[in-house]
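J.: Supplied in structure tokens, the structure appears directly below.
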Amino acid sequence: MAVKSLIETVTVGAGGATSIEFAAIPQDGVDLVLKVSARRDAASPGIELTFNSDATDYSHRTLRGITPNVSSISGTGNAYFILFANLSTNTANTFSSNALTISNYASSAAKSMSLDVVYENNAEFGYQSIAAGLWNDTAAITSLQLVPQSGNFVQYSTASLYKIKYD
Amino acid sequence: MADVPVKIVVDLSKPKGERESIIPLTKAEIAERDAMAVQAEAERVEQEAAAQALLDLKASAKAKLIAGEALTAEEAETLVI
């Protein structure tokens, strides 16, 4: 049986924040789940995710719907994996929804990931994607960093980290 | 946003309630962040231009097909899976 437990939730305060880091991640789980609900004070959506502050060997293959088109995109040897935030220009007080699962995060195998994302603007524009990701590194994941590509996380953005164990 | 940009660090080795630190950025971190924002914007503009160019190419290929005109190799590439 899988047991999913919350490690910690962070909510950004009134001053905003340039980044969020989870450090000293406990190594007693099998998989990690990261949920990010975010909004930025800038007009671009990208949030760079790195593990152990390492900026090498991230790859992805993404299927995305961006109103009104559907497309795919991929990349290898990247410096980060991408999550998404609502933009400052989107409907007020709306936040994106990211759900990232990282398999076998404490193992010495390369780390595979799956990501589901949505964000939208007042029913006029929607972005949704599913992505397969890889951090091609054998180190156990002991920390993770979330950094907006420009601007800051605004108040009420949240990041929650869960671990999954199997009996 | 606060006058001095801050980062949030959650140290999970500490007991609950004592984990979160809100740390002002150093000048070096602020400079690095500014440079990163410039690069990200340049990448975004580049990606948008590439996506638009592809759409334009597809539109041109479609129009030529309908009109019975010859496609360029580049236009034909957009139709071949």
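Going through the structure tokens in order, the chains are called A, B, and so on, while each chain numbers its residues from 1 and the ligands are numbered from 1 in the order shown.
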Could you pull the residues within 9 Å of Thr101 in chain A, counting only C-alpha atoms, minus those fewer than 3 positions along the same chain, as a compact mmCIF listing (two decimals) with C-alpha atoms, in the first residue's frame?

T.:
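Saved file around-v5.txt follows:
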```txt
# COMPACT_ATOMS: atom_id res chain seq x y z
CA ASP A 31 8.89 8.90 -4.51
CA LEU A 32 8.45 12.64 -4.10
CA VAL A 33 5.41 14.66 -5.14
CA LEU A 34 5.71 18.41 -5.53
CA LYS A 35 2.59 20.54 -5.91
CA SER A 112 12.56 10.29 -13.95
CA MET A 113 9.65 12.68 -13.50
CA SER A 114 6.14 13.28 -14.73
CA LEU A 115 4.49 16.69 -14.71
```

J.: Each residue of chain A lying at most 6 Å from chain B should get a row with its shortest atom-to-atom pair and the distance in Å to one decimal, counting only C-alpha atoms; could you produce that, ordered by chain and increasing number, as JSON lines?

T.:
```
{"residue": "A:Gly15", "atom": "CA", "partner": "B:Met1", "partner_atom": "CA", "distance": 4.5}
{"residue": "A:Gly16", "atom": "CA", "partner": "B:Met1", "partner_atom": "CA", "distance": 5.0}
{"residue": "A:Ala17", "atom": "CA", "partner": "B:Lys7", "partner_atom": "CA", "distance": 5.3}
{"residue": "A:Thr18", "atom": "CA", "partner": "B:Lys7", "partner_atom": "CA", "distance": 5.2}
{"residue": "A:Ser19", "atom": "CA", "partner": "B:Lys7", "partner_atom": "CA", "distance": 4.9}
{"residue": "A:Ile20", "atom": "CA", "partner": "B:Ile8", "partner_atom": "CA", "distance": 4.8}
{"residue": "A:Glu21", "atom": "CA", "partner": "B:Val9", "partner_atom": "CA", "distance": 4.7}
{"residue": "A:Phe22", "atom": "CA", "partner": "B:Val10", "partner_atom": "CA", "distance": 4.8}
{"residue": "A:Ala23", "atom": "CA", "partner": "B:Asp11", "partner_atom": "CA", "distance": 4.8}
{"residue": "A:Ala24", "atom": "CA", "partner": "B:Leu12", "partner_atom": "CA", "distance": 5.2}
{"residue": "A:Ile25", "atom": "CA", "partner": "B:Leu12", "partner_atom": "CA", "distance": 5.8}
{"residue": "A:Gln149", "atom": "CA", "partner": "B:Ala37", "partner_atom": "CA", "distance": 5.7}
{"residue": "A:Ser150", "atom": "CA", "partner": "B:Ala37", "partner_atom": "CA", "distance": 4.6}
```

J.: Tell me, as a list in words, which residues lie within 7 Å of Ala61 in chain B, counting only C-alpha atoms; anything in the same chain fewer than 3 positions away does not count.

T.: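 Listing them by chain and then by number gives Leu57, Lys58, Lys64, Leu65, Leu71, Glu75 and Ala76 of chain B.
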
J.: Give me a file of those residues, with N, CA and C atoms, as an mmCIF file, in the first residue's frame.

T.:
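Result written to part_30.cif:
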```
data_model
loop_
_atom_site.group_PDB
_atom_site.id
_atom_site.type_symbol
_atom_site.label_atom_id
_atom_site.label_comp_id
_atom_site.auth_asym_id
_atom_site.auth_seq_id
_atom_site.Cartn_x
_atom_site.Cartn_y
_atom_site.Cartn_z
ATOM 1 N N LEU B 57 4.969 29.285 -42.199
ATOM 2 C CA LEU B 57 5.401 28.322 -43.221
ATOM 3 C C LEU B 57 4.258 27.337 -43.543
ATOM 4 N N LYS B 58 3.585 26.876 -42.510
ATOM 5 C CA LYS B 58 2.472 25.959 -42.708
ATOM 6 C C LYS B 58 1.340 26.634 -43.481
ATOM 7 N N LYS B 64 -0.534 27.232 -50.961
ATOM 8 C CA LYS B 64 0.003 26.769 -52.246
ATOM 9 C C LYS B 64 -0.640 25.455 -52.675
ATOM 10 N N LEU B 65 -0.886 24.579 -51.701
ATOM 11 C CA LEU B 65 -1.550 23.312 -52.023
ATOM 12 C C LEU B 65 -2.934 23.560 -52.601
ATOM 13 N N LEU B 71 5.445 23.611 -53.844
ATOM 14 C CA LEU B 71 5.913 23.986 -52.511
ATOM 15 C C LEU B 71 7.441 24.019 -52.499
ATOM 16 N N GLU B 75 8.678 24.248 -47.024
ATOM 17 C CA GLU B 75 7.226 24.157 -46.818
ATOM 18 C C GLU B 75 6.769 22.708 -46.784
ATOM 19 N N ALA B 76 7.333 21.903 -47.672
ATOM 20 C CA ALA B 76 6.955 20.485 -47.718
ATOM 21 C C ALA B 76 7.317 19.785 -46.416
#
```

J.: Excluding Gly65 in chain A and its own-chain neighbours fewer than 2 positions away, which residues fall within 8 Å of it when counting only C-alpha atoms? Please give them as a list in words.

T.: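 In the requested format, the answer is Leu63, Thr67, Pro68, Asn69, Val70, Ser71, Gly126, Tyr127, Gln128 and Ser129 of chain A.
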
J.: If we count only C-alpha atoms, what is near range 36-44 of chain A at a cut-off of 6 Å, once residues fewer than 4 positions away on the same chain are taken out, given as a short mmCIF file (atom, residue, chain, number, x, y, z; two decimals) with N, CA and C atoms, in the first residue's frame?

T.:
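Generated file (result22.cif):
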```cif
data_model
loop_
_atom_site.label_atom_id
_atom_site.label_comp_id
_atom_site.auth_asym_id
_atom_site.auth_seq_id
_atom_site.Cartn_x
_atom_site.Cartn_y
_atom_site.Cartn_z
N ALA A 85 3.81 29.22 -13.87
CA ALA A 85 3.04 30.09 -12.97
C ALA A 85 2.08 30.93 -13.80
N ASN A 86 0.99 31.36 -13.16
CA ASN A 86 0.16 32.35 -13.83
C ASN A 86 0.94 33.65 -13.96
N LEU A 87 0.62 34.41 -15.01
CA LEU A 87 1.33 35.66 -15.27
C LEU A 87 0.65 36.81 -14.55
N SER A 88 1.37 37.90 -14.44
CA SER A 88 0.79 39.10 -13.84
C SER A 88 -0.36 39.64 -14.67
N PHE A 95 -4.11 31.33 -9.89
CA PHE A 95 -2.81 30.69 -9.71
C PHE A 95 -2.75 29.43 -10.56
N SER A 96 -1.55 29.07 -11.00
CA SER A 96 -1.36 27.85 -11.78
C SER A 96 -1.46 26.63 -10.89
N SER A 97 -1.50 25.47 -11.54
CA SER A 97 -1.50 24.21 -10.79
C SER A 97 -0.49 23.26 -11.43
N ASN A 98 0.55 22.92 -10.69
CA ASN A 98 1.60 21.99 -11.14
C ASN A 98 1.62 20.77 -10.22
N GLY A 151 10.99 38.10 -12.53
CA GLY A 151 10.02 38.51 -11.53
C GLY A 151 10.06 37.62 -10.30
N ASN A 152 8.95 37.64 -9.55
CA ASN A 152 8.91 36.99 -8.24
C ASN A 152 7.62 36.20 -8.06
N PHE A 153 7.66 35.26 -7.14
CA PHE A 153 6.42 34.64 -6.69
C PHE A 153 5.63 35.69 -5.90
N VAL A 154 4.33 35.78 -6.16
CA VAL A 154 3.53 36.75 -5.40
C VAL A 154 2.89 36.06 -4.19
N SER A 157 1.21 32.30 -3.33
CA SER A 157 1.77 31.18 -4.09
C SER A 157 2.17 30.11 -3.07
N THR A 158 1.99 28.85 -3.43
CA THR A 158 2.33 27.79 -2.48
C THR A 158 3.15 26.70 -3.15
N ALA A 159 3.96 26.03 -2.34
CA ALA A 159 4.67 24.83 -2.79
C ALA A 159 4.56 23.80 -1.67
#
```

J.: Between CA of Thr94 in chain A and CA of Ala123 in chain A, what is the distance, to one decimal in Å?

T.: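 Computing the Euclidean distance for CA of Thr94 in chain A and CA of Ala123 in chain A yields 11.7 Å.
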
J.: From chain B, collect each residue whose DSSP state is alpha helix (DSSP H) and return the set as a ChimeraX atom specification.

T.: /B:27-67,73-77

J.: Would you mind exporting N, CA and C atoms of the selected residues as a CSV table (one decimal), in the first residue's frame?

T.:
```csv
chain,number,residue,atom,x,y,z
B,27,LYS,N,23.9,41.2,-3.0
B,27,LYS,CA,24.1,42.0,-4.2
B,27,LYS,C,24.4,41.1,-5.4
B,28,ALA,N,25.3,40.1,-5.1
B,28,ALA,CA,25.7,39.2,-6.2
B,28,ALA,C,24.5,38.4,-6.7
B,29,GLU,N,23.7,37.9,-5.8
B,29,GLU,CA,22.5,37.2,-6.2
B,29,GLU,C,21.5,38.0,-7.0
B,30,ILE,N,21.4,39.3,-6.6
B,30,ILE,CA,20.5,40.2,-7.3
B,30,ILE,C,21.0,40.4,-8.8
B,31,ALA,N,22.3,40.6,-8.9
B,31,ALA,CA,22.9,40.7,-10.2
B,31,ALA,C,22.7,39.5,-11.1
B,32,GLU,N,22.9,38.3,-10.5
B,32,GLU,CA,22.8,37.1,-11.2
B,32,GLU,C,21.3,36.9,-11.7
B,33,ARG,N,20.4,37.3,-10.8
B,33,ARG,CA,19.0,37.2,-11.1
B,33,ARG,C,18.6,38.1,-12.3
B,34,ASP,N,19.1,39.3,-12.2
B,34,ASP,CA,18.8,40.3,-13.3
B,34,ASP,C,19.3,39.7,-14.7
B,35,ALA,N,20.5,39.1,-14.6
B,35,ALA,CA,21.1,38.6,-15.9
B,35,ALA,C,20.2,37.4,-16.4
B,36,MET,N,19.8,36.6,-15.4
B,36,MET,CA,18.9,35.5,-15.8
B,36,MET,C,17.6,35.9,-16.4
B,37,ALA,N,17.1,37.0,-15.9
B,37,ALA,CA,15.8,37.5,-16.4
B,37,ALA,C,16.0,38.0,-17.9
B,38,VAL,N,17.1,38.7,-18.1
B,38,VAL,CA,17.4,39.1,-19.5
B,38,VAL,C,17.5,37.9,-20.5
B,39,GLN,N,18.2,36.9,-20.0
B,39,GLN,CA,18.4,35.7,-20.8
B,39,GLN,C,17.1,35.0,-21.1
B,40,ALA,N,16.3,34.9,-20.0
B,40,ALA,CA,15.0,34.2,-20.2
B,40,ALA,C,14.1,35.0,-21.2
B,41,GLU,N,14.1,36.3,-21.1
B,41,GLU,CA,13.3,37.1,-22.0
B,41,GLU,C,13.7,36.9,-23.5
B,42,ALA,N,15.1,36.9,-23.6
B,42,ALA,CA,15.6,36.6,-25.0
B,42,ALA,C,15.2,35.3,-25.5
B,43,GLU,N,15.2,34.3,-24.6
B,43,GLU,CA,14.8,32.9,-25.1
B,43,GLU,C,13.4,32.9,-25.4
B,44,ARG,N,12.6,33.6,-24.6
B,44,ARG,CA,11.1,33.6,-24.8
B,44,ARG,C,10.8,34.2,-26.2
B,45,VAL,N,11.5,35.3,-26.5
B,45,VAL,CA,11.2,36.0,-27.8
B,45,VAL,C,11.7,35.1,-28.9
B,46,GLU,N,12.8,34.5,-28.7
B,46,GLU,CA,13.3,33.6,-29.8
B,46,GLU,C,12.4,32.4,-30.0
B,47,GLN,N,11.8,31.8,-29.0
B,47,GLN,CA,10.9,30.7,-29.1
B,47,GLN,C,9.6,31.1,-29.8
B,48,GLU,N,9.1,32.3,-29.4
B,48,GLU,CA,7.9,32.8,-30.0
B,48,GLU,C,8.1,33.1,-31.5
B,49,ALA,N,9.3,33.6,-31.9
B,49,ALA,CA,9.6,33.9,-33.3
B,49,ALA,C,9.6,32.6,-34.1
B,50,ALA,N,10.3,31.6,-33.5
B,50,ALA,CA,10.4,30.3,-34.2
B,50,ALA,C,9.0,29.7,-34.4
B,51,ALA,N,8.2,29.7,-33.3
B,51,ALA,CA,6.8,29.2,-33.4
B,51,ALA,C,6.0,29.9,-34.5
B,52,GLN,N,6.1,31.2,-34.5
B,52,GLN,CA,5.4,32.0,-35.5
B,52,GLN,C,5.9,31.7,-36.9
B,53,ALA,N,7.2,31.6,-37.1
B,53,ALA,CA,7.8,31.2,-38.4
B,53,ALA,C,7.2,29.9,-38.9
B,54,LEU,N,7.1,28.9,-38.0
B,54,LEU,CA,6.6,27.6,-38.4
B,54,LEU,C,5.1,27.8,-38.8
B,55,LEU,N,4.3,28.5,-38.1
B,55,LEU,CA,2.9,28.7,-38.4
B,55,LEU,C,2.8,29.4,-39.8
B,56,ASP,N,3.7,30.4,-40.0
B,56,ASP,CA,3.7,31.1,-41.3
B,56,ASP,C,4.0,30.1,-42.5
B,57,LEU,N,5.0,29.3,-42.2
B,57,LEU,CA,5.4,28.3,-43.2
B,57,LEU,C,4.3,27.3,-43.5
B,58,LYS,N,3.6,26.9,-42.5
B,58,LYS,CA,2.5,26.0,-42.7
B,58,LYS,C,1.3,26.6,-43.5
B,59,ALA,N,1.1,27.9,-43.1
B,59,ALA,CA,0.0,28.6,-43.8
B,59,ALA,C,0.3,28.8,-45.3
B,60,SER,N,1.6,29.1,-45.6
B,60,SER,CA,2.0,29.3,-46.9
B,60,SER,C,1.9,28.0,-47.7
B,61,ALA,N,2.3,26.8,-47.1
B,61,ALA,CA,2.2,25.5,-47.7
B,61,ALA,C,0.8,25.2,-48.0
B,62,LYS,N,-0.1,25.5,-47.1
B,62,LYS,CA,-1.5,25.2,-47.3
B,62,LYS,C,-2.1,26.0,-48.4
B,63,ALA,N,-1.8,27.3,-48.5
B,63,ALA,CA,-2.3,28.1,-49.5
B,63,ALA,C,-1.8,27.7,-50.9
B,64,LYS,N,-0.5,27.2,-51.0
B,64,LYS,CA,0.0,26.8,-52.2
B,64,LYS,C,-0.6,25.5,-52.7
B,65,LEU,N,-0.9,24.6,-51.7
B,65,LEU,CA,-1.5,23.3,-52.0
B,65,LEU,C,-2.9,23.6,-52.6
B,66,ILE,N,-3.7,24.5,-52.0
B,66,ILE,CA,-5.0,24.8,-52.4
B,66,ILE,C,-5.0,25.4,-53.8
B,67,ALA,N,-4.0,26.2,-54.1
B,67,ALA,CA,-3.9,26.9,-55.4
B,67,ALA,C,-3.2,26.0,-56.4
B,73,ALA,N,11.0,23.2,-50.5
B,73,ALA,CA,11.3,22.0,-49.7
B,73,ALA,C,11.0,22.3,-48.2
B,74,GLU,N,11.3,23.5,-47.8
B,74,GLU,CA,11.0,23.9,-46.4
B,74,GLU,C,9.5,23.8,-46.1
B,75,GLU,N,8.7,24.2,-47.0
B,75,GLU,CA,7.2,24.2,-46.8
B,75,GLU,C,6.8,22.7,-46.8
B,76,ALA,N,7.3,21.9,-47.7
B,76,ALA,CA,7.0,20.5,-47.7
B,76,ALA,C,7.3,19.8,-46.4
B,77,GLU,N,8.4,20.2,-45.8
B,77,GLU,CA,8.9,19.6,-44.5
B,77,GLU,C,7.8,19.7,-43.4
```

J.: How many Å separate CA of Ala140 in chain A from CA of Asp54 in chain A?

T.: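 Taking CA of Ala140 in chain A and CA of Asp54 in chain A, their separation equals 11.9 Å.
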
J.: Using DSSP assignments from the backbone, pull out every residue in range 22-108 of chain A that falls under strand (DSSP E or B) and give it to me as a ChimeraX atom specification.

T.: /A:22-23,31-37,39-40,46-51,54,58-66,69-78,81-84,86,97-102

J.: CA of Thr62 in chain A and CA of Leu161 in chain A, how far apart in Å?

T.: 22.6 Å

J.: Mind checking which residues fall within 10 Å of Phe81 in chain A, counting only C-alpha atoms, ignoring those fewer than 2 positions away in the same chain, and posting them as a PyMOL selection string?

T.: chain A and resi 46-51+55-60+75+78-79+83+113+133-135+146
